[in-house]
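All remarks here apply to the structure that follows.
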Amino acid sequence: MTAAVTVRVPAKVNVQLAVGPLRPDGFHDLANVFLAVGLYDEVTVAPADELRITCSGPDAGQVPLDRTNLAARAALSLAARHGREANVHIHIAKDIPVAGGMAGGSADGAGALLACDALWGTGASREELLEICAELGSDVPFSLVGGAALGRGRGELLTPLETGGTFHWVFAVADGGLSTPAVYAECDRLRGAGASDIADPEPSAALPAALAAGDAVALAAAASNDLQAAAVSLRPSLAATLAAGSGAGALAAMVSGSGPTTAFLVAGPEEAEKVADVLRSSGTCRAVRVTAGPAAGATVVSLP
Ligand code: C5P
């Protein structure tokens, strides 16, 4: 039997994405409320002669298979810290939309990290894993942790948030991706000359309460995304997708993260099917996914 470890990692949606000033290091300070949702990538690692990545799934062709992939960088980082070679075959079974604003690349980074730790018996502490995640990217620590969390700093400094129920979502997957740096740059461009003087982002007080109460109506009322205008500016067709979901009765219609996936919070499973049907027949998106959150963070689902 070939030894292999498989880790399942969720996608995320941001129910708050408050973007502060552009920092000297090129990032923006955020007040960011993440919710993990039940769309998953599965990352499998197995011993190999050298580091290589393969990917399966409908959008596999859009996934980089070189060392720019966060999964490869995660394996290399953990190996370097523990004085070993990153000689693994990483296979990504991809179900999270690629470059869609749902942290699919981050999920693969967190998944590969946890899988390599288990395969190699590295015994890295949770703190070390979170530190490596933060080095890999702003959203990677949340992919490891899952559930719901407030992210400060550039999104990597997490405080877990309580959730008191299940939130039902419909996601409309757009044709093609959007580059996260391009969307942040467009946000700055739309803000004009004052982009560096903008006020520090404030975490919403209403959102943690709505999450804890399991109250979808309150969550919808408090949800916001400062990157939405920038994503719609770069991809004007998203306005029609948002309007279609709103018109079908979604409680909230928003761009997911930096987009171009759009997210529709709905009251329950029946409303989800209704909104999904309307979106499918609207001709404004490539695919529609129905799911719910919170979802667990990166989890080992099979060991050697
Ligand atoms: O951290 P990550 O690699 O995901 O960030 C990708 C890019 O997104 C950054 O290089 C930056 O342009 C932008 N970004 C930002 N502020 C953040 C997070 C990301 O400007 N808080």
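Identifiers in this document derive from the order of the structure tokens: chains are assigned A, B, ..., residues are numbered from 1 separately in each chain, and ligands are numbered from 1 in order of occurrence.
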
Legend entry - All residues 7 Å or closer to Glu162 in chain A, only C-alpha atoms, same chain fewer than 5 positions away omitted, as a VMD selection string: chain A and resid 148 211 to 212

Given only C-alpha atoms and all ligand atoms, how would the per-residue table for chain A near ligand 1 read, listing every residue at most 10 Å away with its closest atom pair and distance in Å to one decimal, sorted by chain and number, as a tab-separated table?
```
residue	atom	partner	partner_atom_place_in_ligand_line	distance
A:Leu17	CA	ligand 1	21 (N)	9.6
A:Ala18	CA	ligand 1	21 (N)	9.7
A:Val19	CA	ligand 1	21 (N)	7.5
A:Gly20	CA	ligand 1	21 (N)	8.6
A:Pro21	CA	ligand 1	16 (N)	9.2
A:Leu22	CA	ligand 1	20 (O)	6.9
A:Arg23	CA	ligand 1	20 (O)	8.0
A:Asp25	CA	ligand 1	20 (O)	8.8
A:Gly26	CA	ligand 1	20 (O)	5.8
A:Phe27	CA	ligand 1	20 (O)	3.5
A:His28	CA	ligand 1	16 (N)	3.8
A:Asp29	CA	ligand 1	21 (N)	5.4
A:Leu30	CA	ligand 1	21 (N)	5.7
A:Ala31	CA	ligand 1	21 (N)	9.0
A:Asn32	CA	ligand 1	21 (N)	9.0
A:Leu70	CA	ligand 1	3 (O)	9.3
A:Ala103	CA	ligand 1	4 (O)	8.4
A:Gly105	CA	ligand 1	4 (O)	8.8
A:Ser106	CA	ligand 1	4 (O)	7.5
A:Cys133	CA	ligand 1	1 (O)	9.9
A:Ala134	CA	ligand 1	1 (O)	8.0
A:Glu135	CA	ligand 1	1 (O)	8.2
A:Leu136	CA	ligand 1	3 (O)	6.7
A:Gly137	CA	ligand 1	1 (O)	3.6
A:Ser138	CA	ligand 1	1 (O)	3.7
A:Asp139	CA	ligand 1	4 (O)	5.9
A:Val140	CA	ligand 1	4 (O)	7.8
A:Gly151	CA	ligand 1	21 (N)	9.4
A:Arg152	CA	ligand 1	21 (N)	8.5
A:Gly153	CA	ligand 1	21 (N)	6.8
A:Arg154	CA	ligand 1	21 (N)	3.4
A:Gly155	CA	ligand 1	21 (N)	5.5
A:Glu156	CA	ligand 1	21 (N)	8.2
A:Ser179	CA	ligand 1	8 (O)	8.1
A:Thr180	CA	ligand 1	8 (O)	4.9
A:Pro181	CA	ligand 1	12 (O)	3.7
A:Ala182	CA	ligand 1	12 (O)	7.1
A:Val183	CA	ligand 1	8 (O)	8.0
A:Tyr184	CA	ligand 1	20 (O)	5.4
A:Ala185	CA	ligand 1	12 (O)	7.1
A:Cys187	CA	ligand 1	20 (O)	9.5
A:Asp188	CA	ligand 1	20 (O)	9.4
A:Ser258	CA	ligand 1	8 (O)	8.9
```

Find the nearest atom pair between each residue of range 5-53 of chain A and range 274-296 of chain A for residues within 6 Å, count only C-alpha atoms, give distances in Å to one decimal, sort rows by chain and ascending number, and present the table as a tab-separated table.
```
residue	atom	partner	partner_atom	distance
A:Leu35	CA	A:Pro294	CA	5.9
A:Ala36	CA	A:Ala295	CA	5.0
A:Val37	CA	A:Gly293	CA	4.2
A:Gly38	CA	A:Ala295	CA	5.5
```

Those selected residues, please, written with all heavy atoms and delivered as a PDB file, in the first residue's frame.
```
ATOM      1  N   LEU A  35     -16.455  33.266   7.045  1.00  0.00           N
ATOM      2  CA  LEU A  35     -17.308  32.118   7.355  1.00  0.00           C
ATOM      3  C   LEU A  35     -16.919  30.994   6.389  1.00  0.00           C
ATOM      4  O   LEU A  35     -16.940  31.192   5.163  1.00  0.00           O
ATOM      5  CB  LEU A  35     -18.787  32.484   7.170  1.00  0.00           C
ATOM      6  CG  LEU A  35     -19.796  31.365   7.438  1.00  0.00           C
ATOM      7  CD1 LEU A  35     -19.841  31.002   8.933  1.00  0.00           C
ATOM      8  CD2 LEU A  35     -21.192  31.770   6.954  1.00  0.00           C
ATOM      9  N   ALA A  36     -16.543  29.851   6.945  1.00  0.00           N
ATOM     10  CA  ALA A  36     -16.215  28.700   6.088  1.00  0.00           C
ATOM     11  C   ALA A  36     -17.506  28.047   5.618  1.00  0.00           C
ATOM     12  O   ALA A  36     -18.465  27.931   6.388  1.00  0.00           O
ATOM     13  CB  ALA A  36     -15.365  27.696   6.862  1.00  0.00           C
ATOM     14  N   VAL A  37     -17.551  27.658   4.359  1.00  0.00           N
ATOM     15  CA  VAL A  37     -18.753  27.041   3.789  1.00  0.00           C
ATOM     16  C   VAL A  37     -18.402  25.686   3.167  1.00  0.00           C
ATOM     17  O   VAL A  37     -17.230  25.404   2.869  1.00  0.00           O
ATOM     18  CB  VAL A  37     -19.429  27.968   2.745  1.00  0.00           C
ATOM     19  CG1 VAL A  37     -19.945  29.240   3.402  1.00  0.00           C
ATOM     20  CG2 VAL A  37     -18.490  28.286   1.586  1.00  0.00           C
ATOM     21  N   GLY A  38     -19.435  24.871   2.954  1.00  0.00           N
ATOM     22  CA  GLY A  38     -19.237  23.473   2.603  1.00  0.00           C
ATOM     23  C   GLY A  38     -18.924  23.150   1.154  1.00  0.00           C
ATOM     24  O   GLY A  38     -19.478  22.216   0.599  1.00  0.00           O
TER      25      GLY A  38
END
```

Inset, instruction - Name the closest residue to Arg191 in chain A among the candidates A:Ala216, A:Ala229, A:Val301, A:Ala210; distances are taken between atoms, counting only C-alpha atoms. - result: A:Ala229

Inset, instruction - Would you kindly return, as number ranges by chain, each protein, DNA or RNA residue with an atom no farther than 8 Å from any atom of Ala149 in chain A, considering only C-alpha atoms and excluding same-chain residues fewer than 5 positions away? - result: A: 33-35, 142, 158-161

Inset, instruction - Could you please write out, as a PyMOL selection string, every residue of range 88-189 of chain A that DSSP assigns to alpha helix (DSSP H)? - result: chain A and resi 104-120+126-136+140-145+180-189

Inset, instruction - Write out as number ranges by chain the residues lying within 12 Å of His82 in chain A, counting only C-alpha atoms and excluding same-chain residues fewer than 6 positions away. - result: A: 75-76, 116-117, 120-124, 128

Legend entry - Exercise: Gly176 in chain A partners within 9 Å, only C-alpha atoms, chain neighbours under 4 positions left out, as JSON, numbers by chain: {"A": [98, 99, 100, 260]}

Inset, instruction - Compile the contact shell of Ala74 in chain A as a PyMOL selection string: residues with an atom at most 12 Å away, counting only C-alpha atoms, same-chain residues fewer than 2 positions apart removed. - result: chain A and resi 43+45+51+67-72+76-81+86+88+90+105-117+129-137+140-141

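Among the candidate residues A:Ser246, A:Thr6, A:Thr261, A:Gln16, the one lying nearest to Leu207 in chain A is A:Gln16, with distances computed using only C-alpha atoms.
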
Legend entry - Residues flagged strand (DSSP E or B) by DSSP in range 110-263 of chain A, as a list in words: Gly146, Ala148, Ala149, Leu150, Gly151, Arg152, Leu157, Leu158, Thr159, Pro160, Phe167, His168, Trp169, Val170, Phe171, Ala172, Val173, Ser224, Asn225, Ala252, Ala253, Met254, Val255, Thr262 and Ala263 of chain A

Surrounding residues of range 263-273 of chain A excluding itself and chain neighbours under 3 positions, 8 Å, only C-alpha atoms, as a compact mmCIF listing (two decimals) with N, CA and C atoms, in the first residue's frame:
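Once everything was written out, this is selection02.txt:
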```
# COMPACT_ATOMS: atom_id res chain seq x y z
N VAL A 13 -16.48 32.51 2.64
CA VAL A 13 -17.07 33.74 2.15
C VAL A 13 -16.79 34.78 3.24
N PHE A 167 -26.09 28.65 8.27
CA PHE A 167 -26.43 29.70 7.30
C PHE A 167 -26.39 29.10 5.90
N HIS A 168 -27.45 29.34 5.15
CA HIS A 168 -27.60 28.73 3.82
C HIS A 168 -27.18 29.73 2.75
N TRP A 169 -26.42 29.24 1.79
CA TRP A 169 -25.83 30.11 0.77
C TRP A 169 -26.00 29.52 -0.62
N VAL A 170 -26.13 30.41 -1.58
CA VAL A 170 -26.02 30.03 -3.00
C VAL A 170 -24.86 30.84 -3.58
N PHE A 171 -24.00 30.18 -4.32
CA PHE A 171 -22.87 30.87 -4.95
C PHE A 171 -23.02 30.78 -6.46
N ALA A 172 -22.85 31.92 -7.12
CA ALA A 172 -22.86 31.96 -8.58
C ALA A 172 -21.42 32.09 -9.05
N ALA A 216 -30.04 34.69 10.22
CA ALA A 216 -29.64 35.01 8.84
C ALA A 216 -30.11 36.40 8.42
N VAL A 217 -31.27 36.82 8.92
CA VAL A 217 -31.78 38.16 8.55
C VAL A 217 -30.84 39.23 9.10
N ALA A 220 -27.57 39.21 7.18
CA ALA A 220 -27.71 39.87 5.88
C ALA A 220 -27.70 41.39 6.03
N GLY A 245 -30.01 37.40 -8.24
CA GLY A 245 -30.14 36.74 -6.94
C GLY A 245 -31.01 37.53 -5.98
N SER A 246 -30.85 38.85 -5.97
CA SER A 246 -31.69 39.70 -5.11
C SER A 246 -33.14 39.57 -5.51
N GLY A 249 -35.11 36.72 -4.21
CA GLY A 249 -35.46 36.66 -2.79
C GLY A 249 -34.30 36.39 -1.84
N ALA A 250 -33.05 36.50 -2.33
CA ALA A 250 -31.93 36.33 -1.40
C ALA A 250 -31.98 37.42 -0.33
N LEU A 251 -31.59 37.07 0.90
CA LEU A 251 -31.55 38.05 1.99
C LEU A 251 -30.40 39.03 1.78
N ALA A 252 -29.31 38.53 1.23
CA ALA A 252 -28.16 39.39 0.92
C ALA A 252 -27.55 38.90 -0.37
N ALA A 253 -27.09 39.83 -1.19
CA ALA A 253 -26.41 39.51 -2.45
C ALA A 253 -25.10 40.27 -2.43
N MET A 254 -23.99 39.55 -2.50
CA MET A 254 -22.70 40.23 -2.41
C MET A 254 -21.63 39.50 -3.20
N VAL A 255 -20.59 40.24 -3.52
CA VAL A 255 -19.41 39.61 -4.12
C VAL A 255 -18.68 38.86 -3.01
N SER A 256 -18.21 37.66 -3.31
CA SER A 256 -17.46 36.86 -2.33
C SER A 256 -16.00 37.30 -2.35
N ALA A 276 -31.23 29.42 -6.53
CA ALA A 276 -30.33 28.70 -7.45
C ALA A 276 -30.99 28.52 -8.81
N ASP A 277 -32.26 28.15 -8.83
CA ASP A 277 -32.97 27.96 -10.11
C ASP A 277 -32.99 29.25 -10.92
N VAL A 290 -25.00 25.32 -4.27
CA VAL A 290 -25.80 25.50 -3.06
C VAL A 290 -25.06 24.84 -1.91
```
